[in-house]
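Asks: Data file entry.cif (mmCIF, C-alpha atoms and all ligand atoms) is appended below.
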```cif
data_input
#
loop_
_atom_site.group_PDB
_atom_site.id
_atom_site.type_symbol
_atom_site.label_atom_id
_atom_site.label_comp_id
_atom_site.auth_asym_id
_atom_site.auth_seq_id
_atom_site.Cartn_x
_atom_site.Cartn_y
_atom_site.Cartn_z
ATOM 1 C CA MET D 6 77.532 -84.281 -68.474
ATOM 2 C CA GLY D 7 77.096 -84.192 -64.704
ATOM 3 C CA VAL D 8 74.994 -81.517 -63.098
ATOM 4 C CA ALA D 9 72.953 -79.124 -65.178
ATOM 5 C CA ASN D 10 70.965 -76.060 -64.298
ATOM 6 C CA LYS D 11 67.645 -75.111 -65.653
ATOM 7 C CA ALA D 12 65.904 -71.848 -64.945
ATOM 8 C CA TYR D 13 62.189 -71.298 -65.222
ATOM 9 C CA LYS D 14 60.570 -67.923 -65.201
ATOM 10 C CA PHE D 15 56.871 -67.418 -64.638
ATOM 11 C CA ARG D 16 54.768 -64.367 -64.336
ATOM 12 C CA ILE D 17 52.605 -64.588 -61.253
ATOM 13 C CA TYR D 18 49.335 -62.820 -60.606
ATOM 14 C CA PRO D 19 49.136 -62.167 -56.882
ATOM 15 C CA THR D 20 45.959 -61.109 -55.111
ATOM 16 C CA LYS D 21 45.929 -57.705 -53.406
ATOM 17 C CA ASP D 22 46.810 -59.341 -50.062
ATOM 18 C CA GLN D 23 49.637 -61.373 -51.579
ATOM 19 C CA GLU D 24 50.873 -58.297 -53.354
ATOM 20 C CA GLN D 25 51.056 -56.470 -50.054
ATOM 21 C CA LEU D 26 52.948 -59.351 -48.512
ATOM 22 C CA ILE D 27 55.402 -59.355 -51.407
ATOM 23 C CA ARG D 28 55.955 -55.640 -51.019
ATOM 24 C CA LYS D 29 56.462 -56.059 -47.251
ATOM 25 C CA THR D 30 58.881 -58.926 -47.727
ATOM 26 C CA PHE D 31 60.968 -56.914 -50.119
ATOM 27 C CA GLY D 32 60.731 -53.984 -47.757
ATOM 28 C CA CYS D 33 62.239 -56.109 -44.978
ATOM 29 C CA VAL D 34 64.985 -57.594 -47.061
ATOM 30 C CA ARG D 35 66.458 -54.204 -47.693
ATOM 31 C CA PHE D 36 69.609 -55.346 -49.353
ATOM 32 C CA VAL D 37 67.818 -57.446 -51.928
ATOM 33 C CA TYR D 38 65.236 -54.792 -52.416
ATOM 34 C CA ASN D 39 67.789 -52.063 -53.058
ATOM 35 C CA LYS D 40 69.817 -54.255 -55.332
ATOM 36 C CA MET D 41 66.739 -55.131 -57.320
ATOM 37 C CA LEU D 42 65.668 -51.544 -57.398
ATOM 38 C CA ALA D 43 68.982 -50.453 -58.803
ATOM 39 C CA GLU D 44 68.803 -53.115 -61.486
ATOM 40 C CA ARG D 45 65.191 -52.605 -62.257
ATOM 41 C CA LYS D 46 64.988 -48.884 -61.676
ATOM 42 C CA GLU D 47 64.112 -48.236 -65.254
ATOM 43 C CA THR D 48 61.262 -50.756 -65.348
ATOM 44 C CA TYR D 49 60.097 -49.800 -61.898
ATOM 45 C CA GLU D 50 59.773 -46.170 -62.818
ATOM 46 C CA GLN D 51 58.061 -46.898 -66.101
ATOM 47 C CA PHE D 52 55.447 -49.320 -64.655
ATOM 48 C CA LYS D 53 55.240 -47.988 -61.049
ATOM 49 C CA ASP D 54 52.868 -50.796 -60.334
ATOM 50 C CA ASP D 55 55.599 -53.361 -61.182
ATOM 51 C CA LYS D 56 54.744 -56.782 -62.584
ATOM 52 C CA TYR D 57 55.728 -59.829 -60.541
ATOM 53 C CA HIS D 58 57.841 -62.596 -61.967
ATOM 54 C CA ILE D 59 59.091 -65.642 -60.185
ATOM 55 C CA SER D 60 62.323 -67.414 -61.101
ATOM 56 C CA ILE D 61 63.038 -70.985 -60.131
ATOM 57 C CA LEU D 62 66.475 -72.469 -60.606
ATOM 58 C CA THR D 63 66.673 -76.235 -60.463
ATOM 59 C CA GLU D 64 69.734 -78.463 -60.456
ATOM 60 C CA TYR D 65 69.524 -81.962 -61.771
ATOM 61 C CA GLU D 66 71.594 -84.916 -62.912
ATOM 62 C CA HIS D 67 71.601 -84.829 -66.643
ATOM 63 C CA LYS D 68 73.253 -87.499 -68.731
ATOM 64 C CA PRO D 69 71.736 -87.498 -72.205
ATOM 65 C CA ILE D 70 72.754 -90.435 -74.341
ATOM 66 C CA PRO D 71 74.577 -89.150 -77.418
ATOM 67 C CA LYS D 72 72.330 -89.677 -80.396
ATOM 68 C CA GLU D 73 73.548 -91.211 -83.613
ATOM 69 C CA ILE D 74 73.436 -88.605 -86.363
ATOM 70 C CA LYS D 75 70.972 -89.552 -89.059
ATOM 71 C CA ALA D 76 69.119 -86.355 -89.890
ATOM 72 C CA ILE D 77 71.365 -83.327 -90.364
ATOM 73 C CA VAL D 78 70.610 -79.782 -91.478
ATOM 74 C CA GLY D 79 72.653 -76.680 -92.307
ATOM 75 C CA LEU D 80 71.427 -73.161 -91.550
ATOM 76 C CA ASP D 81 72.568 -70.002 -93.242
ATOM 77 C CA PHE D 82 72.117 -66.809 -91.280
ATOM 78 C CA ALA D 83 69.947 -64.477 -93.347
ATOM 79 C CA MET D 84 69.490 -60.746 -93.087
ATOM 80 C CA ASP D 85 65.848 -60.560 -94.080
ATOM 81 C CA SER D 86 64.735 -63.627 -92.140
ATOM 82 C CA LEU D 87 66.176 -65.638 -89.275
ATOM 83 C CA TYR D 88 67.823 -68.324 -91.421
ATOM 84 C CA VAL D 89 67.552 -70.403 -94.582
ATOM 85 C CA GLU D 90 67.754 -74.168 -94.133
ATOM 86 C CA SER D 91 69.570 -76.577 -96.439
ATOM 87 C CA GLU D 92 66.853 -79.182 -97.073
ATOM 88 C CA GLN D 93 64.046 -77.255 -98.768
ATOM 89 C CA GLY D 94 65.612 -73.804 -98.907
ATOM 90 C CA GLU D 95 62.907 -72.718 -96.507
ATOM 91 C CA LYS D 96 63.259 -69.301 -94.919
ATOM 92 C CA ALA D 97 62.383 -68.850 -91.264
ATOM 93 C CA ASN D 98 60.471 -65.606 -91.493
ATOM 94 C CA HIS D 99 59.421 -63.670 -88.462
ATOM 95 C CA PRO D 100 55.628 -63.721 -88.242
ATOM 96 C CA ARG D 101 53.727 -60.791 -89.724
ATOM 97 C CA PHE D 102 52.355 -59.648 -86.379
ATOM 98 C CA PHE D 103 55.921 -59.374 -85.077
ATOM 99 C CA ARG D 104 56.946 -57.096 -87.911
ATOM 100 C CA GLN D 105 53.803 -55.058 -87.363
ATOM 101 C CA THR D 106 54.627 -54.550 -83.685
ATOM 102 C CA GLN D 107 58.166 -53.556 -84.663
ATOM 103 C CA LYS D 108 56.802 -50.982 -87.082
ATOM 104 C CA LYS D 109 54.441 -49.655 -84.458
ATOM 105 C CA LEU D 110 57.295 -49.388 -81.956
ATOM 106 C CA ALA D 111 59.400 -47.388 -84.421
ATOM 107 C CA LYS D 112 56.481 -45.059 -85.038
ATOM 108 C CA GLU D 113 55.768 -44.484 -81.359
ATOM 109 C CA GLN D 114 59.467 -43.938 -80.653
ATOM 110 C CA LYS D 115 59.467 -41.189 -83.237
ATOM 111 C CA VAL D 116 56.507 -39.577 -81.502
ATOM 112 C CA LEU D 117 58.351 -39.821 -78.173
ATOM 113 C CA SER D 118 61.420 -38.106 -79.606
ATOM 114 C CA ARG D 119 59.282 -35.091 -80.491
ATOM 115 C CA ARG D 120 57.761 -34.713 -77.010
ATOM 116 C CA THR D 121 59.275 -32.417 -74.379
ATOM 117 C CA LYS D 122 61.155 -34.422 -71.763
ATOM 118 C CA GLY D 123 59.462 -34.329 -68.386
ATOM 119 C CA SER D 124 56.069 -33.247 -69.705
ATOM 120 C CA ALA D 125 52.923 -35.250 -68.964
ATOM 121 C CA ARG D 126 52.528 -36.152 -72.619
ATOM 122 C CA TYR D 127 56.147 -37.341 -72.714
ATOM 123 C CA GLU D 128 55.555 -39.603 -69.704
ATOM 124 C CA LYS D 129 52.431 -41.061 -71.257
ATOM 125 C CA GLN D 130 54.244 -41.770 -74.507
ATOM 126 C CA ARG D 131 57.240 -43.245 -72.684
ATOM 127 C CA ILE D 132 54.998 -45.806 -70.997
ATOM 128 C CA LYS D 133 53.448 -46.682 -74.348
ATOM 129 C CA VAL D 134 56.887 -47.218 -75.908
ATOM 130 C CA ALA D 135 58.061 -49.333 -72.961
ATOM 131 C CA ALA D 136 55.011 -51.590 -73.279
ATOM 132 C CA LEU D 137 55.637 -52.035 -77.001
ATOM 133 C CA HIS D 138 59.302 -52.846 -76.306
ATOM 134 C CA GLU D 139 58.195 -55.613 -74.001
ATOM 135 C CA ARG D 140 55.722 -56.961 -76.527
ATOM 136 C CA VAL D 141 58.371 -57.056 -79.279
ATOM 137 C CA ALA D 142 60.803 -58.852 -76.958
ATOM 138 C CA ASN D 143 58.175 -61.422 -75.962
ATOM 139 C CA GLN D 144 57.074 -62.065 -79.522
ATOM 140 C CA ARG D 145 60.671 -62.481 -80.650
ATOM 141 C CA ARG D 146 61.485 -64.902 -77.839
ATOM 142 C CA ASP D 147 58.400 -66.993 -78.590
ATOM 143 C CA PHE D 148 59.315 -67.170 -82.249
ATOM 144 C CA LEU D 149 62.920 -68.183 -81.509
ATOM 145 C CA HIS D 150 61.742 -70.868 -79.076
ATOM 146 C CA LYS D 151 59.314 -72.230 -81.642
ATOM 147 C CA LYS D 152 61.876 -72.402 -84.450
ATOM 148 C CA SER D 153 64.664 -73.889 -82.314
ATOM 149 C CA CYS D 154 62.209 -76.435 -80.904
ATOM 150 C CA GLN D 155 61.132 -77.550 -84.397
ATOM 151 C CA LEU D 156 64.737 -78.001 -85.535
ATOM 152 C CA ALA D 157 65.829 -79.818 -82.373
ATOM 153 C CA SER D 158 63.001 -82.305 -82.707
ATOM 154 C CA ARG D 159 63.391 -82.832 -86.455
ATOM 155 C CA TYR D 160 67.191 -83.160 -86.689
ATOM 156 C CA ASP D 161 69.958 -84.961 -84.808
ATOM 157 C CA CYS D 162 72.552 -82.406 -85.798
ATOM 158 C CA VAL D 163 72.380 -78.753 -86.816
ATOM 159 C CA VAL D 164 75.317 -77.077 -88.537
ATOM 160 C CA ILE D 165 75.745 -73.309 -88.343
ATOM 161 C CA GLU D 166 78.460 -70.794 -89.036
ATOM 162 C CA ASP D 167 80.336 -69.503 -86.028
ATOM 163 C CA LEU D 168 79.441 -65.872 -86.572
ATOM 164 C CA ASN D 169 80.788 -63.114 -84.444
ATOM 165 C CA MET D 170 77.735 -60.898 -84.263
ATOM 166 C CA LYS D 171 79.433 -57.967 -82.629
ATOM 167 C CA GLY D 172 82.224 -57.835 -85.154
ATOM 168 C CA MET D 173 79.782 -58.422 -87.950
ATOM 169 C CA SER D 174 77.400 -55.660 -87.006
ATOM 170 C CA GLN D 175 80.280 -53.259 -86.587
ATOM 171 C CA SER D 176 82.100 -54.046 -89.777
ATOM 172 C CA LEU D 177 79.053 -54.247 -91.988
ATOM 173 C CA HIS D 178 77.078 -51.446 -90.365
ATOM 174 C CA PHE D 179 74.120 -53.752 -90.076
ATOM 175 C CA GLY D 180 74.063 -52.988 -86.352
ATOM 176 C CA LYS D 181 70.388 -52.812 -85.643
ATOM 177 C CA SER D 182 69.120 -55.415 -88.059
ATOM 178 C CA VAL D 183 71.623 -58.047 -86.914
ATOM 179 C CA ALA D 184 70.869 -57.445 -83.246
ATOM 180 C CA ASP D 185 67.122 -57.408 -83.865
ATOM 181 C CA ASN D 186 67.299 -60.575 -85.862
ATOM 182 C CA GLY D 187 67.970 -62.478 -82.624
ATOM 183 C CA TRP D 188 70.492 -64.912 -84.094
ATOM 184 C CA GLY D 189 72.542 -65.034 -80.884
ATOM 185 C CA MET D 190 69.534 -65.843 -78.719
ATOM 186 C CA PHE D 191 68.345 -68.353 -81.298
ATOM 187 C CA THR D 192 71.612 -70.319 -81.319
ATOM 188 C CA THR D 193 71.618 -70.377 -77.503
ATOM 189 C CA PHE D 194 68.101 -71.866 -77.452
ATOM 190 C CA LEU D 195 68.961 -74.297 -80.216
ATOM 191 C CA HIS D 196 72.117 -75.451 -78.452
ATOM 192 C CA TYR D 197 70.496 -76.385 -75.151
ATOM 193 C CA LYS D 198 67.461 -77.945 -76.804
ATOM 194 C CA LEU D 199 69.763 -80.214 -78.831
ATOM 195 C CA LEU D 200 72.042 -80.999 -75.872
ATOM 196 C CA GLU D 201 69.108 -82.065 -73.723
ATOM 197 C CA GLN D 202 68.361 -84.805 -76.230
ATOM 198 C CA GLY D 203 71.963 -85.890 -76.775
ATOM 199 C CA LYS D 204 71.923 -84.149 -80.148
ATOM 200 C CA HIS D 205 74.553 -81.945 -81.707
ATOM 201 C CA LEU D 206 75.215 -78.352 -82.718
ATOM 202 C CA VAL D 207 78.225 -78.016 -84.986
ATOM 203 C CA LYS D 208 79.807 -74.642 -85.643
ATOM 204 C CA ILE D 209 81.954 -74.301 -88.713
ATOM 205 C CA ASN D 210 84.664 -71.718 -89.238
ATOM 206 C CA LYS D 211 83.244 -68.305 -90.030
ATOM 207 C CA TRP D 212 85.787 -67.878 -92.815
ATOM 208 C CA PHE D 213 84.476 -70.879 -94.720
ATOM 209 C CA PRO D 214 83.313 -69.450 -98.095
ATOM 210 C CA SER D 215 79.727 -70.742 -97.828
ATOM 211 C CA THR D 216 78.319 -68.047 -100.123
ATOM 212 C CA LYS D 217 81.058 -68.198 -102.758
ATOM 213 C CA THR D 218 81.144 -71.969 -103.230
ATOM 214 C CA CYS D 219 78.974 -73.906 -105.656
ATOM 215 C CA SER D 220 77.299 -76.631 -103.616
ATOM 216 C CA ASN D 221 77.092 -78.781 -106.752
ATOM 217 C CA CYS D 222 80.645 -78.793 -108.144
ATOM 218 C CA GLY D 223 82.727 -77.007 -105.505
ATOM 219 C CA HIS D 224 83.766 -74.133 -107.765
ATOM 220 C CA VAL D 225 84.523 -70.923 -105.827
ATOM 221 C CA LYS D 226 83.766 -67.458 -107.205
ATOM 222 C CA ASN D 227 83.011 -63.972 -105.990
ATOM 223 C CA VAL D 228 79.372 -63.149 -105.427
ATOM 224 C CA ALA D 229 78.128 -59.574 -105.158
ATOM 225 C CA LEU D 230 75.778 -58.758 -102.292
ATOM 226 C CA SER D 231 73.102 -57.799 -104.840
ATOM 227 C CA GLU D 232 73.128 -61.238 -106.518
ATOM 228 C CA ARG D 233 70.231 -63.170 -105.043
ATOM 229 C CA LEU D 234 70.839 -66.236 -107.201
ATOM 230 C CA TYR D 235 73.969 -68.328 -107.275
ATOM 231 C CA SER D 236 74.606 -69.520 -110.785
ATOM 232 C CA CYS D 237 77.621 -71.613 -111.694
ATOM 233 C CA GLU D 238 79.431 -72.608 -114.887
ATOM 234 C CA CYS D 239 78.363 -76.171 -114.189
ATOM 235 C CA GLY D 240 74.751 -75.155 -114.826
ATOM 236 C CA PHE D 241 73.712 -75.129 -111.177
ATOM 237 C CA VAL D 242 71.378 -72.272 -110.193
ATOM 238 C CA ARG D 243 69.961 -71.755 -106.730
ATOM 239 C CA ASP D 244 68.854 -69.107 -104.264
ATOM 240 C CA ARG D 245 72.040 -67.633 -102.848
ATOM 241 C CA ASP D 246 71.236 -68.355 -99.173
ATOM 242 C CA TRP D 247 69.957 -71.856 -99.915
ATOM 243 C CA ASN D 248 73.212 -72.652 -101.743
ATOM 244 C CA ALA D 249 75.134 -71.352 -98.712
ATOM 245 C CA ALA D 250 73.054 -73.479 -96.322
ATOM 246 C CA ILE D 251 73.841 -76.624 -98.347
ATOM 247 C CA ASN D 252 77.566 -75.783 -98.212
ATOM 248 C CA ILE D 253 77.344 -75.285 -94.452
ATOM 249 C CA LYS D 254 75.675 -78.659 -94.033
ATOM 250 C CA ASN D 255 78.301 -80.391 -96.208
ATOM 251 C CA GLU D 256 81.158 -78.727 -94.323
ATOM 252 C CA GLY D 257 79.635 -79.917 -91.044
ATOM 253 C CA LYS D 258 79.399 -83.475 -92.369
ATOM 254 C CA LEU D 259 83.039 -83.285 -93.411
ATOM 255 C CA MET D 260 84.030 -82.148 -89.903
ATOM 256 C CA LEU D 261 82.099 -85.017 -88.361
ATOM 257 C CA ALA D 262 83.510 -87.424 -90.957
ATOM 258 C CA LEU D 263 79.992 -88.392 -91.982
ATOM 259 C CA PRO D 264 79.370 -89.934 -95.415
HETATM 260 ZN ZN ZN U 1 79.051 -75.571 -110.002
#
```
Could you rewrite the structure in this file as structure tokens?
Ligand SMILES: [Zn+2]

Replies:
Amino acid sequence: MGVANKAYKFRIYPTKDQEQLIRKTFGCVRFVYNKMLAERKETYEQFKDDKYHISILTEYEHKPIPKEIKAIVGLDFAMDSLYVESEQGEKANHPRFFRQTQKKLAKEQKVLSRRTKGSARYEKQRIKVAALHERVANQRRDFLHKKSCQLASRYDCVVIEDLNMKGMSQSLHFGKSVADNGWGMFTTFLHYKLLEQGKHLVKINKWFPSTKTCSNCGHVKNVALSERLYSCECGFVRDRDWNAAINIKNEGKLMLALP
């Protein structure tokens, strides 16, 4: 593996004196300051009294011992939740408070769109919306960390479909929901959490007919988007996404030549 990087980000709470020193330091290092300002202009203007975060990048020798694959799971990307897993058919649902914050954000954004740009009331509303945006982003990240952490500790190998989110959101007009779902961020978290432990993330071809295939007998048929249950001639009936997750797992095992 060789050298790996790991970045940590903390929010710091400086005292008034420290805050002044930070401001002065940035004032002196003009180049950095301007560069940061350009990048963070939006945030800076919204919060005026900017929050302080500290980033630490460490470099370390990292040679995880590849782990023998005993426990393996397949995940099917789901529209209404984050994923469905192959073992129990369990859906990873975003917590209720997250959906509530999302709703609130949508509501406040609507209010903002009705305000006159540049007015005092507009400014006030803009700050409110920005704060909600941050809360949604934080809640989502926490949730994705939690779920990826659970999977990486429970399983030696996770099999997923190699989805092209951009293409998918464009072609299916799911745009917002796919992006909001956080699948891309989730797989990134999952990947490094597995790698750290010498575990494996296997991506199967996105054209593999995971939804159309019966995970019991292998029969392939067309399934309408409205059909929530997969039912086969062989008598097998299962939740559509669960069936897909089982197929994804089996395809991954085949790729790894596992029994
Ligand atoms: Zn069947």

Asks: Interatomic distance between atom CA of Ser60 of chain D and atom CA of Lys11 of chain D?

Replies: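 So the two atoms, atom CA of Ser60 of chain D and atom CA of Lys11 of chain D, lie 10.4 Å apart.
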
Asks: Check which residues fall inside 10 Å of ligand ZN 1 (chain U) when counting all atoms listed in the file, and print them as an MDAnalysis selection string.

Replies: chainID D and resid 218:226 235:242

Asks: Which residues are close to Lys198 of chain D, i.e. within 9 Å by all atoms listed in the file, leaving aside same-chain residues fewer than 4 positions away? Reply as an MDAnalysis selection string.

Replies: chainID D and resid 153:154 157:158 193:194 202 204

Asks: From the set D:Ala229, D:His205, D:Leu259, D:Gly189, which residue has the shortest atom-to-atom contact distance to Ile70 of chain D, counting only C-alpha atoms?

Replies: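 Looking at the shortest contact to Ile70 of chain D, the residue is D:His205.
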
Asks: Run the PyMOL selection byres (((chain D and resi 264) around 12) and not hetatm) mentally over the shown coordinates, then write out the matched residues as a PyMOL selection string, using the chain letters and numbers from the document.

Replies: chain D and resi 74-75+77+254-263

Asks: Take the residues that were just selected and, keeping C-alpha atoms, output them as a PDB file, in the frame of the given file.

Replies:
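The new file part10.pdb reads:
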```
ATOM      1  CA  ILE D  74      73.436 -88.605 -86.363  1.00  0.00           C
ATOM      2  CA  LYS D  75      70.972 -89.552 -89.059  1.00  0.00           C
ATOM      3  CA  ILE D  77      71.365 -83.327 -90.364  1.00  0.00           C
ATOM      4  CA  LYS D 254      75.675 -78.659 -94.033  1.00  0.00           C
ATOM      5  CA  ASN D 255      78.301 -80.391 -96.208  1.00  0.00           C
ATOM      6  CA  GLU D 256      81.158 -78.727 -94.323  1.00  0.00           C
ATOM      7  CA  GLY D 257      79.635 -79.917 -91.044  1.00  0.00           C
ATOM      8  CA  LYS D 258      79.399 -83.475 -92.369  1.00  0.00           C
ATOM      9  CA  LEU D 259      83.039 -83.285 -93.411  1.00  0.00           C
ATOM     10  CA  MET D 260      84.030 -82.148 -89.903  1.00  0.00           C
ATOM     11  CA  LEU D 261      82.099 -85.017 -88.361  1.00  0.00           C
ATOM     12  CA  ALA D 262      83.510 -87.424 -90.957  1.00  0.00           C
ATOM     13  CA  LEU D 263      79.992 -88.392 -91.982  1.00  0.00           C
TER      14      LEU D 263
END
```

Asks: Using only C-alpha atoms, which of D:Tyr197, D:Trp188, D:Phe103, D:Tyr160 sits nearest Asp81 of chain D?

Replies: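 Result for the nearest residue to Asp81 of chain D: D:Trp188.
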
Asks: Identify all residues satisfying the PyMOL selection byres (((chain D and resi 138) around 12) and not hetatm) in the given file; provide them as a list in words.

Replies: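 Residues picked by the PyMOL selection byres (((chain D and resi 138) around 12) and not hetatm): Thr48, Gln51, Phe103, Thr106, Gln107, Lys108, Lys109, Leu110, Ala111, Glu113, Gln114, Arg131, Ile132, Lys133, Val134, Ala135, Ala136, Leu137, Glu139, Arg140, Val141, Ala142, Asn143, Gln144, Arg145 and Asp185 of chain D.
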
Asks: Just the residues within 7 Å of Arg16 of chain D, please, counting only C-alpha atoms, with nothing from its chain fewer than 5 positions along; format it as a list in words.

Replies: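 With the cut-off at 7 Å, the set is Tyr57, His58 and Ile59 of chain D.
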
Asks: Evaluate the PyMOL selection byres (((chain D and resi 90) around 8) and not hetatm) on the structure here and hand back the selected residues as a ChimeraX atom specification.

Replies: /D:78-81,88-89,91-96,247,250-251

Asks: Which of these, D:Leu168, D:Ile253, D:Met190, D:Val116, has the shortest distance to Lys217 of chain D once you count all atoms listed in the file?

Replies: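 Looking only at the distances to Lys217 of chain D, the closest residue turns out to be D:Ile253.
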
Asks: Which residues come within 9 Å of Asn210 of chain D, counting only C-alpha atoms, excluding same-chain residues fewer than 3 positions away, as a list in words?

Replies: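 Once the nearby chain positions are removed, what remains is Glu166, Asp167, Leu168 and Phe213 of chain D.
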
Asks: I'd like the interatomic distance between atom CA of Arg159 of chain D and atom CA of Pro69 of chain D, to a tenth of an Å.

Replies: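 One can read the atom CA of Arg159 of chain D to atom CA of Pro69 of chain D distance as 17.2 Å.
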
Asks: With distances taken over all atoms listed in the file, which residue among D:Arg243, D:Lys68, D:His196, D:His150 lies nearest Thr216 of chain D?

Replies: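 Checking each candidate against Thr216 of chain D, we get D:Arg243 as the closest.
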
Asks: Given all atoms listed in the file as the basis, pick out the residue of D:Thr30, D:Asn227, D:Thr63, D:Gln25 nearest to Tyr13 of chain D.

Replies: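 Among D:Thr30, D:Asn227, D:Thr63, D:Gln25, it is D:Thr63 that comes nearest to Tyr13 of chain D.
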
Asks: By how many Å are atom CA of Thr20 of chain D and atom CA of Asp147 of chain D apart?

Replies: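 Atom-to-atom, atom CA of Thr20 of chain D to atom CA of Asp147 of chain D, that is 27.2 Å.
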
Asks: Pick out the closest residue to Phe148 of chain D from this set: D:Leu234, D:Ala125, D:Ala97, D:Ala76. Count all atoms listed in the file.

Replies: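 The closest residue to Phe148 of chain D is D:Ala97.
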